[in-house]
file coords-v7.txt (compact mmCIF, C-alpha atoms)
# COMPACT_ATOMS: atom_id res chain seq x y z
CA MET I 635 180.75 61.77 221.57
CA GLU I 636 177.81 64.15 221.31
CA GLY I 637 178.18 65.40 224.88
CA PRO I 638 181.86 66.48 224.60
CA ARG I 639 181.15 68.15 221.24
CA LEU I 640 178.31 70.17 222.73
CA ILE I 641 180.45 71.17 225.71
CA ALA I 642 183.28 72.25 223.41
CA ASP I 643 180.86 74.34 221.35
CA GLY I 644 179.42 75.83 224.53
CA LEU I 645 182.87 76.81 225.78
CA LEU I 646 183.76 78.44 222.46
CA LEU I 647 180.47 80.35 222.21
CA GLY I 648 180.57 81.33 225.88
CA TRP I 649 184.08 82.73 225.47
CA LEU I 650 182.95 84.63 222.37
CA LEU I 651 180.22 86.31 224.43
CA LEU I 652 182.80 87.40 227.01
CA ALA I 653 185.55 88.42 224.59
CA TRP I 654 183.36 90.39 222.18
CA GLY I 655 181.18 91.94 224.90
CA ALA I 656 184.25 93.14 226.81
CA GLN I 657 185.29 95.26 223.82
CA ALA I 658 182.39 97.61 224.59
CA VAL I 659 181.82 97.13 228.34
CA LEU I 660 185.39 97.39 229.57
CA PRO I 661 186.39 100.73 227.94
CA TRP I 662 183.07 102.28 228.98
CA ARG I 663 183.56 101.30 232.63
CA LEU I 664 187.18 102.47 232.56
CA ALA I 665 186.03 105.83 231.18
CA GLY I 666 183.93 106.25 234.33
CA LEU I 667 186.95 105.58 236.50
CA ASN I 668 188.96 108.08 234.50
CA THR I 669 186.29 110.76 234.98
CA GLY I 670 186.32 110.19 238.72
CA LEU I 671 190.06 110.74 238.80
CA ASN I 672 189.87 113.94 236.79
CA THR I 673 187.29 115.52 239.09
CA GLY I 674 189.36 114.74 242.16
CA LEU I 675 186.58 112.83 243.89
CA ASN I 676 188.68 109.79 244.76
CA THR I 677 190.85 109.29 247.77
CA GLY I 678 194.50 108.35 247.36
CA LEU I 679 193.66 104.68 247.93
CA ASN I 680 190.88 104.72 245.31
CA THR I 681 193.13 106.58 242.88
CA GLY I 682 195.72 103.84 243.09
CA LEU I 683 193.05 101.14 242.73
CA ASN I 684 191.46 102.82 239.72
CA THR I 685 194.83 103.33 238.08
CA GLU I 686 195.51 99.61 238.45
CA ARG I 687 192.08 98.80 237.02
CA ARG I 688 192.68 101.01 233.99
CA ARG I 689 196.07 99.44 233.42
CA SER I 690 194.69 95.90 233.71
CA GLY I 691 191.76 96.70 231.43
CA ALA I 692 193.94 98.29 228.78
CA LEU I 693 196.27 95.28 228.85
CA ALA I 694 193.39 92.79 228.66
CA LEU I 695 191.46 94.18 225.68
CA LEU I 696 193.81 93.09 222.90
CA PRO I 697 194.32 89.53 224.24
CA LEU I 698 190.54 89.22 224.64
CA LEU I 699 190.02 90.32 221.04
CA LEU I 700 192.63 87.90 219.70
CA THR I 701 191.44 84.94 221.76
CA GLY I 702 187.88 85.72 220.67
CA ALA I 703 189.03 85.60 217.04
CA LEU I 704 190.74 82.28 217.78
CA ALA I 705 187.56 80.89 219.36
CA ALA I 706 185.52 82.03 216.33
CA PHE I 707 188.05 80.41 214.00
CA PHE I 708 187.89 77.07 215.81
CA TYR I 709 184.08 77.19 215.91
CA VAL I 710 183.94 77.75 212.14
CA LEU I 711 186.43 74.91 211.63
CA ARG I 712 184.12 72.64 213.63
CA HIS I 713 181.04 73.83 211.70
CA PRO I 714 182.14 74.91 208.22
CA ASP I 715 178.84 74.21 206.44
CA PRO I 716 176.79 77.03 208.05
CA ALA I 717 179.61 79.50 207.43
CA ILE I 718 179.89 78.49 203.77
CA VAL I 719 176.12 78.50 203.22
CA GLN I 720 175.80 81.97 204.75
CA ARG I 721 178.92 83.16 202.86
CA LEU I 722 180.82 84.01 206.02
CA TYR I 723 183.74 81.78 205.08
CA PRO I 724 186.05 82.69 203.56
CA LEU I 725 185.68 86.27 204.78
CA GLY I 726 186.33 87.74 201.35
CA ALA I 727 183.39 85.85 199.81
CA SER I 728 180.78 88.43 200.79
CA LYS I 729 180.27 92.02 201.91
CA ALA I 730 179.41 90.77 205.39
CA GLY I 731 182.70 88.90 205.65
CA ARG I 732 184.70 91.86 204.37
CA MET I 733 182.93 94.14 206.84
CA LEU I 734 183.84 91.80 209.69
CA ALA I 735 187.48 91.78 208.62
CA VAL I 736 187.70 95.58 208.36
CA LEU I 737 186.01 96.10 211.74
CA PHE I 738 188.22 93.50 213.38
CA PHE I 739 191.43 95.22 212.28
CA ALA I 740 190.02 98.64 213.19
CA LEU I 741 189.18 97.40 216.68
CA MET I 742 192.59 95.76 216.99
CA ALA I 743 194.19 99.14 216.21
CA SER I 744 191.91 100.78 218.81
CA ASP I 745 192.87 98.23 221.47
CA LEU I 746 196.55 98.71 220.66
CA PHE I 747 196.09 102.48 221.00
CA LEU I 748 194.52 102.01 224.44
CA PHE I 749 197.38 99.73 225.42
CA LEU I 750 199.94 102.40 224.50
CA THR I 751 198.15 105.51 225.85
CA TRP I 752 196.10 104.35 228.84
CA ARG I 753 197.98 106.54 231.36
CA ARG I 754 197.14 109.83 229.67
CA LEU I 755 193.93 108.97 227.82
CA GLU I 756 190.91 111.15 228.60
CA ALA I 757 187.46 109.73 229.32
CA VAL I 758 186.24 110.64 225.83
CA GLY I 759 188.96 108.43 224.34
CA TRP I 760 187.78 105.43 226.34
CA ARG I 761 184.19 106.09 225.28
CA ILE I 762 185.10 106.31 221.59
CA ALA I 763 186.88 102.97 221.96
CA ALA I 764 183.74 101.56 223.60
CA GLY I 765 181.72 102.79 220.61
CA PHE I 766 184.04 100.92 218.24
CA GLY I 767 183.62 97.84 220.40
CA LEU I 768 179.83 98.13 220.36
CA VAL I 769 179.70 98.42 216.56
CA PHE I 770 181.95 95.38 216.25
CA LEU I 771 179.80 93.46 218.74
CA LEU I 772 176.59 94.20 216.83
CA VAL I 773 178.08 93.04 213.54
CA THR I 774 179.50 89.87 215.08
CA ALA I 775 176.13 89.15 216.74
CA TRP I 776 174.49 89.49 213.31
CA ALA I 777 177.07 87.10 211.82
CA ALA I 778 176.60 84.67 214.73
CA GLU I 779 172.86 84.58 214.06
CA LEU I 780 173.56 83.75 210.42
CA MET I 781 175.82 80.93 211.63
CA ARG I 782 173.07 79.74 213.96
CA ILE I 783 170.62 79.59 211.05
CA GLY I 784 172.96 77.81 208.64
CA GLU I 785 170.71 75.72 206.42
CA GLY I 786 167.97 75.59 209.05
CA PRO I 787 164.71 77.51 209.50
CA GLU I 788 165.04 81.24 208.96
CA SER I 789 163.38 84.16 210.71
CA ALA I 790 161.70 87.16 209.14
CA ALA I 791 163.74 90.36 208.97
CA VAL I 792 162.42 92.00 212.16
CA PRO I 793 162.71 88.91 214.42
CA PHE I 794 166.17 88.24 212.99
CA LEU I 795 167.37 91.76 213.85
CA ALA I 796 165.83 91.40 217.32
CA LEU I 797 167.64 88.08 217.85
CA ALA I 798 170.95 89.65 216.83
CA ALA I 799 170.37 92.61 219.17
CA LEU I 800 169.46 90.29 222.05
CA ARG I 801 172.59 88.22 221.44
CA ALA I 802 174.64 91.43 221.64
CA LEU I 803 172.86 92.40 224.87
CA LEU I 804 173.64 88.94 226.27
CA ALA I 805 177.33 89.48 225.46
CA LEU I 806 177.31 92.89 227.17
CA GLY I 807 175.72 91.47 230.30
CA ALA I 808 178.03 88.45 230.49
CA ALA I 809 181.13 90.60 229.88
CA GLU I 810 180.43 92.59 233.03
CA ALA I 811 182.20 89.68 234.73
CA LEU I 812 185.43 91.16 233.34
CA ALA I 813 184.70 94.83 234.14
CA PRO I 814 184.96 96.80 237.38
CA GLY I 815 181.81 97.81 239.19
CA PRO I 816 178.49 96.07 239.82
CA PRO I 817 176.71 94.36 236.91
CA LEU I 818 174.00 96.58 235.43
CA LEU I 819 173.41 95.34 231.89
CA ALA I 820 173.18 91.75 233.13
CA ALA I 821 169.82 92.56 234.73
CA ALA I 822 168.48 93.37 231.24
CA ALA I 823 170.36 90.52 229.57
CA GLY I 824 168.53 87.92 231.69
CA PRO I 825 165.01 88.72 230.44
CA GLY I 826 166.54 89.38 227.02
CA LEU I 827 167.83 85.81 226.90
CA LEU I 828 164.36 84.48 227.67
CA LEU I 829 162.93 86.67 224.92
CA TYR I 830 165.61 85.33 222.57
CA GLY I 831 164.32 81.81 223.16
CA LEU I 832 160.76 82.93 222.41
CA LEU I 833 161.71 84.69 219.17
CA LEU I 834 163.46 81.69 217.62
CA PRO I 835 161.61 79.98 214.74
CA ALA I 836 158.82 77.80 216.11
CA GLN I 837 160.32 74.55 214.81
CA LEU I 838 163.65 75.28 216.45
CA ALA I 839 162.10 76.43 219.74
CA GLN I 840 160.07 73.22 219.92
CA ALA I 841 163.14 71.10 219.23
CA LEU I 842 165.09 72.90 221.95
CA GLY I 843 162.23 72.34 224.39
CA ALA I 844 162.10 68.66 223.49
CA HIS I 845 165.81 68.41 224.36
CA GLY I 846 165.27 70.03 227.78
CA GLN I 847 167.09 73.23 226.86
CA TRP I 848 164.49 75.37 228.61
CA LEU I 849 166.26 74.52 231.88
CA THR I 850 169.62 75.69 230.56
CA LEU I 851 168.01 78.86 229.24
CA ALA I 852 166.14 79.62 232.46
CA THR I 853 169.19 79.00 234.67
CA ALA I 854 171.40 81.29 232.57
CA ALA I 855 168.71 83.99 232.60
CA LEU I 856 168.30 83.77 236.40
CA LEU I 857 172.05 84.05 236.96
CA LEU I 858 172.20 87.14 234.77
CA LEU I 859 169.14 88.71 236.33
CA GLY I 860 170.23 88.06 239.93
CA ALA I 861 173.96 88.79 239.61
CA ARG I 862 173.53 92.45 240.57
CA TRP I 863 172.06 91.48 243.94
CA PHE I 864 174.49 88.65 244.73
CA PRO I 865 177.27 89.24 247.26
CA PRO I 866 180.25 90.86 245.48
CA ALA I 867 182.33 87.68 245.75
CA LEU I 868 179.67 85.70 243.84
CA ARG I 869 178.89 88.16 241.05
CA ARG I 870 181.76 87.21 238.76
CA PRO I 871 181.28 83.43 239.11
CA ALA I 872 177.54 83.89 238.45
CA LEU I 873 178.16 85.84 235.24
CA LEU I 874 180.82 83.41 234.05
CA GLY I 875 178.44 80.52 234.72
CA ALA I 876 175.68 82.34 232.84
CA ALA I 877 178.02 82.84 229.86
CA LEU I 878 178.85 79.13 229.79
CA LEU I 879 175.19 78.07 230.04
CA ALA I 880 174.18 80.58 227.38
CA GLY I 881 176.96 79.24 225.16
CA LEU I 882 175.66 75.70 225.64
CA TYR I 883 172.15 76.84 224.71
CA LEU I 884 173.33 78.71 221.63
CA GLY I 885 175.45 75.76 220.55
CA GLN I 886 172.52 73.39 220.87
CA ALA I 887 170.33 75.83 218.95
CA ALA I 888 172.84 75.86 216.08
CA ARG I 889 173.11 72.05 216.07
CA LEU I 890 169.35 71.52 216.04
CA SER I 891 168.90 74.17 213.36
CA ALA I 892 171.33 72.22 211.15
CA GLU I 893 169.43 68.99 211.79
CA LEU I 894 166.14 70.67 210.88
CA GLY I 895 167.70 71.95 207.68
CA VAL I 896 168.75 68.43 206.72
CA ALA I 897 165.37 66.98 207.63
CA HIS I 898 163.40 69.66 205.73
CA PRO I 899 165.56 70.89 202.84
call {"tool": "encode", "arguments": {"input": "coords-v7.txt", "output": "structure tokens"}}
result
Amino acid sequence: MEGPRLIADGLLLGWLLLAWGAQAVLPWRLAGLNTGLNTGLNTGLNTGLNTERRRSGALALLPLLLTGALAAFFYVLRHPDPAIVQRLYPLGASKAGRMLAVLFFALMASDLFLFLTWRRLEAVGWRIAAGFGLVFLLVTAWAAELMRIGEGPESAAVPFLALAALRALLALGAAEALAPGPPLLAAAAGPGLLLYGLLLPAQLAQALGAHGQWLTLATAALLLLGARWFPPALRRPALLGAALLAGLYLGQAARLSAELGVAHP
């Protein structure tokens, strides 16, 4: 039963990377398309294509946000102890939980605004929405790191903040699978994922190595790093595969952290 549980956790965490990362990446890329239209640099064919991309992106943001919330809910249901220990569940139990709730509803309102106004929205509007998405992503990455710790070994303040930032960078790189244009952030997310593995508490990093997770980590990092230079038809599958592998790695890290917490209370 352990294998299916790990796969389920990996799918949930991988989808969270895509859904949360898209809240920042997708509006930012669509702002670039909007700017190109306003300056008249696109041909009629490109104008029609970019209009369709903006429409699809605006329609996708809110479902991505809601399905991401659903994935987070199911993950917490599967692992309630870390959420309770870190006071992330229920959301009203702590300032962190209340902040997450407020940012979630603010971002939902932003996505709904994009859905209603995408035809006439200026580039600055898309970029403001991307800023909201980035703030939300950073806070959720911080909360996800708290969930990963649970009752297990903790990091000092600076490594913890670095781990949260690297998780957010990983989400941005993976989410380029859902955005128009070539992947750019993924090239930084690959080395960032390797650095994430190095910054984990020593006990946890050793346990992950003993379970062969270095291979999962390295494969995900290589897919992210190389996606920009893959043929266009392979870029999206590579980034989706990297998101799944990264989710599997993060899920295993959370599971082993919980086991270490039980073994060394």
call {"tool": "residues_around", "arguments": {"input": "coords-v7.txt", "residues": "Gly786 in chain I", "least_positions_apart": "4", "cutoff": "7 Å", "atoms": "all atoms listed in the file", "output": "count of residues only"}}
result
4
call {"tool": "atom_distance", "arguments": {"input": "coords-v7.txt", "atom1": "CA of Gly759 in chain I", "atom2": "CA of Gly655 in chain I"}}
result
18.2 Å
call {"tool": "atom_distance", "arguments": {"input": "coords-v7.txt", "atom1": "CA of Pro835 in chain I", "atom2": "CA of Ser789 in chain I"}}
result
6.1 Å
call {"tool": "closest_residue", "arguments": {"input": "coords-v7.txt", "among": "I:Leu696, I:Val659, I:Met733, I:Ala821", "to": "Phe864 in chain I", "atoms": "all atoms listed in the file"}}
result
I:Ala821
call {"tool": "closest_residue", "arguments": {"input": "coords-v7.txt", "among": "I:Glu686, I:Glu893, I:Glu756, I:Asp643", "to": "Phe708 in chain I", "atoms": "only C-alpha atoms"}}
result
I:Asp643
call {"tool": "closest_residue", "arguments": {"input": "coords-v7.txt", "among": "I:Leu664, I:Leu746, I:Ala727, I:Ala888", "to": "Pro697 in chain I", "atoms": "only C-alpha atoms"}}
result
I:Leu746
call {"tool": "closest_residue", "arguments": {"input": "coords-v7.txt", "among": "I:Pro661, I:Gly702, I:Gly644, I:Gly637", "to": "Leu879 in chain I", "atoms": "only C-alpha atoms"}}
result
I:Gly644
call {"tool": "residues_around", "arguments": {"input": "coords-v7.txt", "residues": "Trp848 in chain I", "least_positions_apart": "6", "cutoff": "9 Å", "atoms": "all atoms listed in the file", "output": "NGL selection string"}}
result
:I and (831 or 842 or 883)
call {"tool": "residues_around", "arguments": {"input": "coords-v7.txt", "residues": "Leu882 in chain I", "least_positions_apart": "4", "cutoff": "10 Å", "atoms": "all atoms listed in the file", "output": "list of chain:residue names"}}
result
I:Leu640, I:Ile641, I:Ala642, I:Asp643, I:Gly644, I:Leu645, I:Leu646, I:Leu647, I:Gly648, I:Gln847, I:Thr850, I:Leu851, I:Ala854, I:Ala876, I:Ala877, I:Leu878, I:Gln886, I:Ala887, I:Ala888
call {"tool": "write_last_selection", "arguments": {"input": "coords-v7.txt", "atoms": "C-alpha atoms", "output": "CSV table (one decimal), in the coordinates of the input"}}
result
chain,number,residue,atom,x,y,z
I,640,LEU,CA,178.3,70.2,222.7
I,641,ILE,CA,180.4,71.2,225.7
I,642,ALA,CA,183.3,72.2,223.4
I,643,ASP,CA,180.9,74.3,221.4
I,644,GLY,CA,179.4,75.8,224.5
I,645,LEU,CA,182.9,76.8,225.8
I,646,LEU,CA,183.8,78.4,222.5
I,647,LEU,CA,180.5,80.4,222.2
I,648,GLY,CA,180.6,81.3,225.9
I,847,GLN,CA,167.1,73.2,226.9
I,850,THR,CA,169.6,75.7,230.6
I,851,LEU,CA,168.0,78.9,229.2
I,854,ALA,CA,171.4,81.3,232.6
I,876,ALA,CA,175.7,82.3,232.8
I,877,ALA,CA,178.0,82.8,229.9
I,878,LEU,CA,178.8,79.1,229.8
I,886,GLN,CA,172.5,73.4,220.9
I,887,ALA,CA,170.3,75.8,219.0
I,888,ALA,CA,172.8,75.9,216.1
call {"tool": "atom_distance", "arguments": {"input": "coords-v7.txt", "atom1": "CA of Leu771 in chain I", "atom2": "CA of Ala658 in chain I"}}
result
7.6 Å
call {"tool": "closest_residue", "arguments": {"input": "coords-v7.txt", "among": "I:Pro817, I:Pro787, I:Gly666, I:Gly767", "to": "Ala802 in chain I", "atoms": "all atoms listed in the file"}}
result
I:Gly767
call {"tool": "residues_near_point", "arguments": {"input": "coords-v7.txt", "point": "(174.3, 85.2, 212.3)", "cutoff": "10 Å", "atoms": "all atoms listed in the file", "output": "list in words"}}
result
Pro716, Ala717, Gln720, Leu722, Val773, Thr774, Ala775, Trp776, Ala777, Ala778, Glu779, Leu780, Met781, Arg782, Ile783, Gly784, Phe794, Leu795, Leu797, Ala798 and Arg801 of chain I
call {"tool": "closest_residue", "arguments": {"input": "coords-v7.txt", "among": "I:Leu683, I:Asp745, I:Ala872, I:Leu695", "to": "Ala811 in chain I", "atoms": "only C-alpha atoms"}}
result
I:Ala872
call {"tool": "residues_around", "arguments": {"input": "coords-v7.txt", "residues": "Leu804 in chain I", "least_positions_apart": "3", "cutoff": "7 Å", "atoms": "all atoms listed in the file", "output": "VMD selection string"}}
result
chain I and resid 800 to 801 807 to 808 823 827
call {"tool": "decode", "arguments": {"input": "coords-v7.txt", "residues": "range 814-827 of chain I", "atoms": "all heavy atoms", "output": "short mmCIF file (atom, residue, chain, number, x, y, z; two decimals), in the first residue's frame"}}
result
data_model
loop_
_atom_site.label_atom_id
_atom_site.label_comp_id
_atom_site.auth_asym_id
_atom_site.auth_seq_id
_atom_site.Cartn_x
_atom_site.Cartn_y
_atom_site.Cartn_z
N PRO I 814 2.12 30.21 -22.48
CA PRO I 814 2.69 30.34 -23.82
C PRO I 814 4.14 30.78 -23.77
O PRO I 814 4.59 31.39 -22.81
CB PRO I 814 1.81 31.42 -24.47
CG PRO I 814 1.28 32.22 -23.32
CD PRO I 814 1.12 31.25 -22.19
N GLY I 815 4.87 30.44 -24.82
CA GLY I 815 6.27 30.84 -24.91
C GLY I 815 7.21 29.78 -24.39
O GLY I 815 6.80 28.83 -23.73
N PRO I 816 8.50 29.93 -24.68
CA PRO I 816 9.49 28.95 -24.23
C PRO I 816 9.71 29.03 -22.73
O PRO I 816 9.57 30.10 -22.13
CB PRO I 816 10.76 29.35 -25.00
CG PRO I 816 10.59 30.81 -25.25
CD PRO I 816 9.13 31.03 -25.46
N PRO I 817 10.06 27.91 -22.09
CA PRO I 817 10.33 27.95 -20.64
C PRO I 817 11.64 28.68 -20.35
O PRO I 817 12.67 28.39 -20.94
CB PRO I 817 10.42 26.46 -20.27
CG PRO I 817 10.77 25.76 -21.54
CD PRO I 817 10.15 26.56 -22.64
N LEU I 818 11.57 29.63 -19.44
CA LEU I 818 12.74 30.41 -19.04
C LEU I 818 13.08 30.16 -17.57
O LEU I 818 14.24 29.89 -17.23
CB LEU I 818 12.48 31.90 -19.27
CG LEU I 818 12.14 32.31 -20.71
CD1 LEU I 818 11.77 33.79 -20.77
CD2 LEU I 818 13.30 32.01 -21.64
N LEU I 819 12.09 30.24 -16.72
CA LEU I 819 12.32 30.03 -15.29
C LEU I 819 12.69 28.59 -14.97
O LEU I 819 13.35 28.33 -13.97
CB LEU I 819 11.08 30.43 -14.50
CG LEU I 819 10.72 31.92 -14.55
CD1 LEU I 819 9.34 32.15 -13.93
CD2 LEU I 819 11.76 32.75 -13.84
N ALA I 820 12.27 27.66 -15.82
CA ALA I 820 12.57 26.25 -15.58
C ALA I 820 14.08 26.01 -15.55
O ALA I 820 14.56 25.14 -14.81
CB ALA I 820 11.92 25.38 -16.65
N ALA I 821 14.83 26.78 -16.35
CA ALA I 821 16.29 26.61 -16.37
C ALA I 821 16.91 26.96 -15.02
O ALA I 821 17.95 26.41 -14.66
CB ALA I 821 16.90 27.47 -17.47
N ALA I 822 16.29 27.87 -14.28
CA ALA I 822 16.76 28.19 -12.92
C ALA I 822 16.16 27.24 -11.89
O ALA I 822 16.78 26.95 -10.86
CB ALA I 822 16.40 29.63 -12.57
N ALA I 823 14.95 26.74 -12.17
CA ALA I 823 14.29 25.86 -11.22
C ALA I 823 15.01 24.52 -11.10
O ALA I 823 14.99 23.89 -10.04
CB ALA I 823 12.84 25.63 -11.63
N GLY I 824 15.66 24.06 -12.19
CA GLY I 824 16.39 22.79 -12.14
C GLY I 824 17.51 22.81 -11.12
O GLY I 824 17.51 22.00 -10.17
N PRO I 825 18.50 23.72 -11.25
CA PRO I 825 19.53 23.81 -10.21
C PRO I 825 18.95 24.16 -8.84
O PRO I 825 19.47 23.72 -7.82
CB PRO I 825 20.44 24.94 -10.72
CG PRO I 825 20.21 24.98 -12.19
CD PRO I 825 18.77 24.60 -12.39
N GLY I 826 17.86 24.95 -8.83
CA GLY I 826 17.24 25.29 -7.56
C GLY I 826 16.70 24.07 -6.84
O GLY I 826 16.77 23.97 -5.61
N LEU I 827 16.18 23.10 -7.61
CA LEU I 827 15.68 21.88 -6.99
C LEU I 827 16.83 21.07 -6.38
O LEU I 827 16.68 20.49 -5.29
CB LEU I 827 14.93 21.05 -8.03
CG LEU I 827 14.30 19.75 -7.54
CD1 LEU I 827 13.33 20.00 -6.40
CD2 LEU I 827 13.59 19.03 -8.70
#
